[in-house]
file data-v1.cif (mmCIF, C-alpha atoms and all ligand atoms)
data_final
#
loop_
_atom_site.label_atom_id
_atom_site.label_comp_id
_atom_site.auth_asym_id
_atom_site.auth_seq_id
_atom_site.Cartn_x
_atom_site.Cartn_y
_atom_site.Cartn_z
CA MET A 241 -35.60 65.01 120.61
CA ARG A 242 -38.93 63.25 120.39
CA GLY A 243 -38.52 63.18 116.59
CA ILE A 244 -35.10 61.56 116.87
CA ARG A 245 -36.46 58.99 119.30
CA ALA A 246 -39.31 58.20 116.95
CA VAL A 247 -36.92 57.73 114.04
CA ALA A 248 -34.63 55.55 116.17
CA ALA A 249 -37.60 53.46 117.27
CA ALA A 250 -38.80 53.11 113.69
CA LEU A 251 -35.31 52.10 112.55
CA ALA A 252 -35.04 49.55 115.34
CA LEU A 253 -38.41 48.11 114.32
CA TRP A 254 -37.36 48.02 110.69
CA SER A 255 -34.05 46.27 111.34
CA ALA A 256 -35.82 43.80 113.61
CA ALA A 257 -38.29 43.11 110.81
CA ALA A 258 -35.54 42.86 108.19
CA ALA A 259 -33.61 40.27 110.19
CA ALA A 260 -36.62 38.54 111.66
CA GLU A 261 -37.62 36.11 108.97
CA PHE A 262 -35.94 32.98 107.78
CA GLU A 263 -37.02 31.81 104.35
CA VAL A 264 -36.72 28.09 103.62
CA VAL A 265 -37.13 26.54 100.15
CA ALA A 266 -37.31 22.73 99.95
CA LEU A 267 -35.29 21.33 97.04
CA GLY A 268 -35.58 17.72 98.19
CA VAL A 269 -37.45 16.23 101.12
CA ARG A 270 -37.22 12.42 101.01
CA GLY A 271 -34.83 10.10 102.83
CA GLY A 272 -34.28 7.69 99.98
CA LEU A 273 -35.54 5.98 96.83
CA GLU A 274 -36.66 9.12 94.97
CA GLU A 275 -33.33 10.19 93.48
CA GLY A 276 -34.83 13.45 92.21
CA ASN A 277 -36.15 14.46 95.65
CA LEU A 278 -33.46 13.88 98.31
CA SER A 279 -32.56 16.02 101.35
CA SER A 280 -31.73 19.61 100.48
CA TYR A 281 -33.13 22.91 101.77
CA LEU A 282 -32.15 26.48 100.99
CA ILE A 283 -32.25 29.03 103.79
CA ARG A 284 -31.71 32.77 103.92
CA ASN A 285 -32.63 35.55 106.27
CA GLY A 286 -33.87 39.06 105.80
CA ASP A 287 -32.45 41.12 103.00
CA ASN A 288 -29.56 38.86 102.00
CA SER A 289 -29.87 37.72 98.39
CA ARG A 290 -27.90 34.48 98.77
CA TYR A 291 -29.03 31.21 100.27
CA LEU A 292 -27.15 28.64 102.29
CA ALA A 293 -27.88 25.10 101.04
CA LEU A 294 -28.52 22.70 103.90
CA ASP A 295 -27.35 19.41 102.37
CA ALA A 296 -27.48 18.80 98.64
CA GLY A 297 -29.07 15.42 97.93
CA THR A 298 -31.03 16.93 95.04
CA LEU A 299 -30.31 20.35 93.56
CA LEU A 300 -31.37 21.06 89.97
CA PRO A 301 -34.64 19.04 89.87
CA GLY A 302 -35.62 20.73 93.16
CA ILE A 303 -34.77 24.18 91.80
CA ALA A 304 -36.92 23.45 88.73
CA GLN A 305 -39.83 22.39 90.95
CA ALA A 306 -39.44 25.47 93.18
CA LEU A 307 -39.38 27.77 90.13
CA ALA A 308 -42.55 26.08 88.84
CA LYS A 309 -44.23 26.67 92.22
CA GLY A 310 -43.24 30.35 92.28
CA SER A 311 -40.92 29.87 95.25
CA PHE A 312 -38.25 32.13 93.72
CA PRO A 313 -40.39 35.20 92.93
CA GLN A 314 -37.20 37.28 92.68
CA VAL A 315 -35.98 35.26 89.65
CA THR A 316 -37.19 36.18 86.17
CA PRO A 317 -35.79 35.04 82.80
CA GLU A 318 -34.60 38.62 82.22
CA LYS A 319 -32.79 38.73 85.55
CA ALA A 320 -31.29 35.27 85.02
CA ALA A 321 -30.01 35.97 81.49
CA PRO A 322 -27.67 34.81 80.07
CA LEU A 323 -28.31 31.84 82.38
CA THR A 324 -31.55 29.89 82.62
CA PRO A 325 -33.51 30.63 85.83
CA GLN A 326 -32.44 27.17 87.09
CA GLY A 327 -28.79 27.94 86.36
CA TYR A 328 -29.10 31.38 87.95
CA VAL A 329 -30.42 29.93 91.22
CA LEU A 330 -27.64 27.31 91.29
CA ARG A 331 -24.74 29.59 90.36
CA GLU A 332 -25.77 32.99 91.70
CA LEU A 333 -28.24 32.44 94.55
CA ILE A 334 -26.66 29.48 96.38
CA GLY A 335 -23.78 31.13 98.23
CA ALA A 336 -22.51 28.19 100.28
CA TYR A 337 -23.25 24.59 101.24
CA PHE A 338 -23.49 22.87 104.59
CA LEU A 339 -23.08 19.08 104.36
CA SER A 340 -24.30 17.26 107.47
CA HIS A 341 -22.55 13.99 106.63
CA GLY A 342 -21.04 12.06 103.76
CA HIS A 343 -23.95 9.84 102.72
CA LEU A 344 -24.80 9.93 99.03
CA ASP A 345 -28.42 10.95 99.60
CA HIS A 346 -27.14 14.24 101.08
CA LEU A 347 -24.64 15.23 98.42
CA ALA A 348 -25.51 13.53 95.11
CA GLY A 349 -27.06 16.76 93.79
CA LEU A 350 -23.88 18.70 94.52
CA LEU A 351 -21.72 16.09 92.76
CA LEU A 352 -23.93 16.13 89.67
CA ALA A 353 -24.17 19.93 89.54
CA ALA A 354 -20.46 20.48 90.24
CA PRO A 355 -19.32 20.73 86.58
CA ASP A 356 -21.66 23.72 86.10
CA ASP A 357 -21.54 25.24 89.58
CA SER A 358 -19.75 28.48 90.47
CA ARG A 359 -16.93 28.69 93.03
CA LYS A 360 -18.23 28.58 96.57
CA PRO A 361 -17.45 27.25 100.03
CA ILE A 362 -18.61 24.00 101.63
CA TYR A 363 -18.89 23.91 105.43
CA THR A 364 -18.75 20.48 107.02
CA THR A 365 -17.07 18.32 109.66
CA THR A 366 -13.52 16.98 109.32
CA ASP A 367 -14.98 13.49 109.03
CA THR A 368 -17.24 14.43 106.11
CA ALA A 369 -14.45 16.43 104.45
CA ASN A 370 -12.31 13.27 104.52
CA THR A 371 -15.17 11.28 103.01
CA LEU A 372 -15.52 13.87 100.23
CA ARG A 373 -11.82 13.80 99.40
CA THR A 374 -11.29 10.06 99.75
CA HIS A 375 -14.47 8.63 98.27
CA TYR A 376 -15.97 11.20 95.90
CA PHE A 377 -13.48 13.87 94.73
CA ASN A 378 -10.78 11.32 93.85
CA TRP A 379 -10.86 11.22 90.01
CA LYS A 380 -12.27 7.67 90.22
CA SER A 381 -15.80 8.22 91.53
CA TRP A 382 -15.79 11.78 90.18
CA PRO A 383 -13.32 14.54 89.21
CA ASN A 384 -11.84 16.46 92.11
CA PHE A 385 -13.94 19.63 92.15
CA SER A 386 -12.52 20.56 95.55
CA ASP A 387 -9.49 22.56 96.61
CA SER A 388 -7.77 19.67 98.40
CA GLY A 389 -7.10 15.95 98.11
CA ASN A 390 -5.44 13.96 95.36
CA GLY A 391 -4.72 14.77 91.74
CA THR A 392 -5.56 17.96 89.91
CA ARG A 393 -7.74 20.17 92.09
CA LEU A 394 -10.39 21.93 90.07
CA GLY A 395 -11.14 24.19 93.01
CA THR A 396 -14.87 24.79 92.51
CA TYR A 397 -15.50 24.03 96.19
CA ARG A 398 -13.44 25.37 99.06
CA ILE A 399 -13.87 22.82 101.85
CA ASN A 400 -14.04 24.45 105.30
CA THR A 401 -14.00 22.40 108.51
CA PRO A 402 -14.69 24.82 111.35
CA PRO A 403 -14.07 23.49 114.86
CA LEU A 404 -17.18 21.84 116.33
CA GLY A 405 -19.11 24.10 118.67
CA GLN A 406 -17.51 27.31 117.39
CA ARG A 407 -19.33 30.00 115.48
CA VAL A 408 -18.30 30.43 111.84
CA THR A 409 -19.35 32.90 109.14
CA LEU A 410 -21.04 31.00 106.31
CA GLY A 411 -19.60 32.50 103.12
CA ASP A 412 -21.47 35.55 101.84
CA THR A 413 -24.90 34.37 102.97
CA GLY A 414 -24.98 36.78 105.90
CA LEU A 415 -25.53 33.77 108.17
CA SER A 416 -23.36 32.34 110.93
CA GLY A 417 -23.36 28.75 112.09
CA VAL A 418 -22.30 26.40 114.85
CA ILE A 419 -21.80 22.72 113.98
CA LEU A 420 -22.36 20.00 116.58
CA PRO A 421 -21.86 16.24 116.07
CA LEU A 422 -24.73 13.75 115.80
CA SER A 423 -24.75 9.98 116.05
CA HIS A 424 -26.03 8.11 112.96
CA ASP A 425 -25.45 4.37 113.24
CA ASN A 426 -21.79 3.82 112.41
CA SER A 427 -21.45 7.17 110.67
CA ALA A 428 -20.71 10.59 112.07
CA SER A 429 -23.41 13.12 111.24
CA SER A 430 -23.91 16.70 112.37
CA MET A 431 -26.34 19.54 112.96
CA LEU A 432 -25.98 23.22 112.16
CA LEU A 433 -27.36 26.03 114.29
CA VAL A 434 -27.90 28.84 111.78
CA THR A 435 -28.04 32.36 113.20
CA ARG A 436 -28.46 35.87 111.95
CA GLY A 437 -28.47 38.55 114.59
CA GLU A 438 -30.81 37.36 117.31
CA GLU A 439 -32.65 34.82 115.16
CA ALA A 440 -31.75 31.12 115.05
CA PHE A 441 -32.77 28.01 113.11
CA ALA A 442 -31.56 24.46 113.81
CA TYR A 443 -30.89 22.06 110.94
CA PHE A 444 -30.30 18.42 111.86
CA GLY A 445 -28.63 15.90 109.57
CA ASP A 446 -29.56 12.24 109.91
CA THR A 447 -29.61 11.14 113.53
CA GLY A 448 -30.72 8.32 115.77
CA SER A 449 -32.08 8.83 119.28
CA ASP A 450 -29.57 9.07 122.11
CA ALA A 451 -31.02 5.93 123.72
CA ASN A 452 -30.65 3.77 120.61
CA GLU A 453 -27.28 5.26 119.63
CA LYS A 454 -25.91 5.14 123.21
CA SER A 455 -24.95 8.75 122.64
CA LYS A 456 -25.31 12.14 124.31
CA HIS A 457 -25.11 14.15 121.11
CA LEU A 458 -28.80 15.02 120.87
CA ARG A 459 -28.81 16.01 124.52
CA ALA A 460 -25.91 18.39 123.82
CA ALA A 461 -27.84 19.84 120.88
CA TRP A 462 -30.93 20.37 123.07
CA GLN A 463 -28.74 22.09 125.68
CA LEU A 464 -27.52 24.46 122.96
CA LEU A 465 -31.10 25.17 121.83
CA ALA A 466 -32.87 25.42 125.19
CA PRO A 467 -31.77 28.98 126.06
CA LEU A 468 -32.78 30.07 122.55
CA VAL A 469 -36.23 28.51 123.02
CA GLN A 470 -36.61 30.30 126.33
CA ALA A 471 -35.59 33.63 124.76
CA HIS A 472 -38.01 33.03 121.83
CA ARG A 473 -35.06 33.30 119.47
CA LEU A 474 -35.37 29.82 117.92
CA LYS A 475 -37.56 30.21 114.83
CA GLY A 476 -37.66 26.55 113.89
CA ILE A 477 -36.08 23.12 113.81
CA LEU A 478 -35.67 20.88 110.78
CA ILE A 479 -35.15 17.24 111.73
CA GLU A 480 -35.66 13.81 110.27
CA THR A 481 -38.31 11.18 110.83
CA SER A 482 -37.25 8.38 108.49
CA TYR A 483 -39.51 5.52 109.53
CA ALA A 484 -42.96 4.89 111.00
CA ASN A 485 -43.25 3.52 114.54
CA ASP A 486 -43.42 -0.13 113.48
CA GLN A 487 -39.83 -0.12 112.17
CA PRO A 488 -37.89 -2.67 114.26
CA THR A 489 -35.22 -1.08 116.48
CA ASP A 490 -32.50 -3.24 114.92
CA ARG A 491 -33.42 -1.88 111.48
CA LEU A 492 -33.43 1.87 112.24
CA TYR A 493 -29.89 2.35 110.78
CA GLY A 494 -29.36 5.43 112.94
CA HIS A 495 -32.68 7.16 112.19
CA LEU A 496 -35.74 8.43 114.07
CA THR A 497 -39.39 7.35 114.19
CA PRO A 498 -42.28 9.60 115.34
CA ALA A 499 -42.15 8.08 118.85
CA LEU A 500 -38.40 8.61 119.10
CA LEU A 501 -38.55 12.21 117.84
CA LEU A 502 -41.42 13.02 120.21
CA SER A 503 -39.53 11.68 123.20
CA GLU A 504 -36.46 13.70 122.15
CA LEU A 505 -38.62 16.84 121.82
CA GLU A 506 -39.86 16.22 125.34
CA ASN A 507 -36.21 16.24 126.45
CA LEU A 508 -35.80 19.63 124.78
CA ALA A 509 -39.00 20.90 126.43
CA ALA A 510 -37.77 19.76 129.85
CA LEU A 511 -34.52 21.69 129.37
CA SER A 512 -36.43 24.74 128.07
CA GLY A 513 -38.70 25.30 131.06
CA GLY A 514 -40.96 22.26 131.04
CA GLU A 515 -44.48 21.65 129.81
CA GLY A 516 -45.64 24.07 127.14
CA ALA A 517 -42.13 25.43 126.46
CA LEU A 518 -42.22 24.27 122.82
CA ARG A 519 -45.86 25.15 122.12
CA GLY A 520 -46.18 26.38 118.54
CA LEU A 521 -42.48 25.91 117.70
CA PRO A 522 -42.18 25.10 113.96
CA VAL A 523 -40.67 21.61 113.54
CA LEU A 524 -40.05 20.80 109.87
CA ILE A 525 -40.04 17.06 109.22
CA SER A 526 -37.55 15.79 106.65
CA HIS A 527 -36.05 12.56 105.33
CA ILE A 528 -39.21 10.42 105.35
CA LYS A 529 -38.29 7.21 103.57
CA PRO A 530 -40.95 6.16 101.06
CA SER A 531 -42.19 2.57 101.29
CA LEU A 532 -42.17 0.18 98.35
CA GLN A 533 -44.80 -1.99 100.02
CA ALA A 534 -48.13 -1.90 98.19
CA GLY A 535 -50.80 -0.05 100.16
CA ARG A 536 -48.39 1.74 102.51
CA ASP A 537 -48.20 5.52 102.54
CA ALA A 538 -45.18 6.23 104.78
CA PRO A 539 -45.51 10.05 104.74
CA ALA A 540 -49.19 9.84 105.77
CA GLU A 541 -48.49 7.30 108.52
CA ILE A 542 -45.59 9.32 109.94
CA ARG A 543 -47.64 12.51 109.88
CA GLN A 544 -50.55 10.83 111.67
CA GLN A 545 -48.24 9.32 114.31
CA LEU A 546 -46.49 12.65 114.98
CA GLU A 547 -49.77 14.55 115.29
CA ALA A 548 -51.32 11.86 117.50
CA GLY A 549 -48.40 11.95 119.95
CA ASN A 550 -47.79 15.70 119.87
CA ARG A 551 -47.73 16.27 123.63
CA PRO A 552 -45.17 19.11 123.33
CA GLY A 553 -47.66 20.97 121.08
CA VAL A 554 -45.13 21.87 118.39
CA ASN A 555 -46.19 22.97 114.92
CA PHE A 556 -45.20 20.06 112.66
CA ILE A 557 -44.60 21.19 109.07
CA PHE A 558 -44.33 18.79 106.14
CA MET A 559 -42.78 20.61 103.19
CA GLN A 560 -43.10 19.18 99.71
CA GLN A 561 -40.40 19.56 97.08
CA GLY A 562 -40.38 23.13 95.75
CA ASP A 563 -42.33 24.61 98.69
CA ARG A 564 -41.23 27.89 100.28
CA ILE A 565 -42.03 29.00 103.82
CA THR A 566 -41.01 31.87 106.08
CA LEU A 567 -40.43 31.50 109.81
ZN ZN A 601 -29.91 10.38 104.68
ZN ZN A 602 -27.27 9.20 106.41
#

call {"tool": "encode", "arguments": {"input": "data-v1.cif", "output": "structure tokens"}}
result
Amino acid sequence: MRGIRAVAAALALWSAAAAAEFEVVALGVRGGLEEGNLSSYLIRNGDNSRYLALDAGTLLPGIAQALAKGSFPQVTPEKAAPLTPQGYVLRELIGAYFLSHGHLDHLAGLLLAAPDDSRKPIYTTTDTANTLRTHYFNWKSWPNFSDSGNGTRLGTYRINTPPLGQRVTLGDTGLSGVILPLSHDNSASSMLLVTRGEEAFAYFGDTGSDANEKSKHLRAAWQLLAPLVQAHRLKGILIETSYANDQPTDRLYGHLTPALLLSELENLAALSGGEGALRGLPVLISHIKPSLQAGRDAPAEIRQQLEAGNRPGVNFIFMQQGDRITL
């Protein structure tokens, strides 16, 4: 009996360990200007071989960078053959896409890779699906690589629009997700709560603050996350900080600054049990917009401003293109 208990305990420990870690690979981290380095992150959990792509602003240049940095240790030329390692990651390791909204900087990489991509599902909102069909997959901007819309449908991508707020299985990635809407100037954006078993990770598309957007969408997202924070099930958040604090409010275009993100994180902390509730929580910062002004280093300024105002005590993480982390 004791032996059986010991085996059961060991198995429970093992399965907890197997499902415990999210792995994130950054394919693109900037919020503009650098067309080879725009928002896209791969995520997987535990023993599943396939990744979910969180947005697809840049794919192949990011995969090349990640291979060069050793962020796909499981990929060798022998394993990839007859494909290149880059082609193998694109076709065989990306199992599905989540597109947070229809802006070009979040899907240009998918459009450009589409002719050589394998068949796979896209998960997105109805609004973004309409943008894809009407403005991109229309045989004018680009051939129709989707399974719906006008003209010949090439069918590479199966566009899925799960109801907001309802859990959906994300292709064969072993992950589930819940999509909630976000407010992004005059565009609809969205976030995805990724879960596997007990573990959760929150990916935010572009968003403004509730105060500036006159919205309650971020508050609703924090209400979804707060119980997960309290149960220590939320392994991390990935969210934008596009501009430094000196960006005028009327030129935020539906984005966040360090001050705005910090005040939103304090809202999450308040819902999660108050002061100290977020201490050590990994918060991955994405979508920093580079500056073309001589002498300005936007990523350094934003990092300094976030660290200086870090009253919630979160663990800010600034991934570079090609980096891999586990959470
Ligand atoms: Zn963007
Ligand atoms: Zn956008």

call {"tool": "closest_residue", "arguments": {"input": "data-v1.cif", "among": "A:His343, A:Lys309, A:Arg284, A:His527", "to": "ligand ZN 602 (chain A)", "atoms": "all atoms listed in the file"}}
result
A:His343

call {"tool": "closest_residue", "arguments": {"input": "data-v1.cif", "among": "A:Leu273, A:Leu282, A:Ala296, A:Val554", "to": "A:Ile528", "atoms": "all atoms listed in the file"}}
result
A:Leu273

call {"tool": "closest_residue", "arguments": {"input": "data-v1.cif", "among": "A:Asn400, A:Asn555, A:Thr413, A:Asn550", "to": "A:Thr365", "atoms": "all atoms listed in the file"}}
result
A:Asn400

call {"tool": "closest_residue", "arguments": {"input": "data-v1.cif", "among": "A:Val418, A:Val469, A:Ala353, A:Ala293", "to": "A:Leu432", "atoms": "only C-alpha atoms"}}
result
A:Val418

call {"tool": "atom_distance", "arguments": {"input": "data-v1.cif", "atom1": "atom CA of A:Arg270", "atom2": "atom CA of A:His495"}}
result
13.2 Å

call {"tool": "decode", "arguments": {"input": "data-v1.cif", "residues": "stretch 305-321 of chain A", "atoms": "C-alpha atoms", "output": "compact mmCIF listing (two decimals), in the first residue's frame"}}
result
# COMPACT_ATOMS: atom_id res chain seq x y z
CA GLN A 305 17.18 34.57 -34.98
CA ALA A 306 15.82 32.07 -32.43
CA LEU A 307 17.61 29.19 -34.17
CA ALA A 308 20.85 31.21 -34.12
CA LYS A 309 20.41 31.81 -30.37
CA GLY A 310 19.79 28.11 -29.67
CA SER A 311 16.18 28.71 -28.63
CA PHE A 312 14.97 25.62 -30.51
CA PRO A 313 17.37 23.02 -29.08
CA GLN A 314 15.01 20.26 -30.26
CA VAL A 315 15.54 21.22 -33.93
CA THR A 316 18.54 19.82 -35.82
CA PRO A 317 19.17 19.82 -39.59
CA GLU A 318 18.74 16.03 -39.53
CA LYS A 319 15.40 16.28 -37.75
CA ALA A 320 14.23 19.09 -40.03
CA ALA A 321 15.16 17.33 -43.29
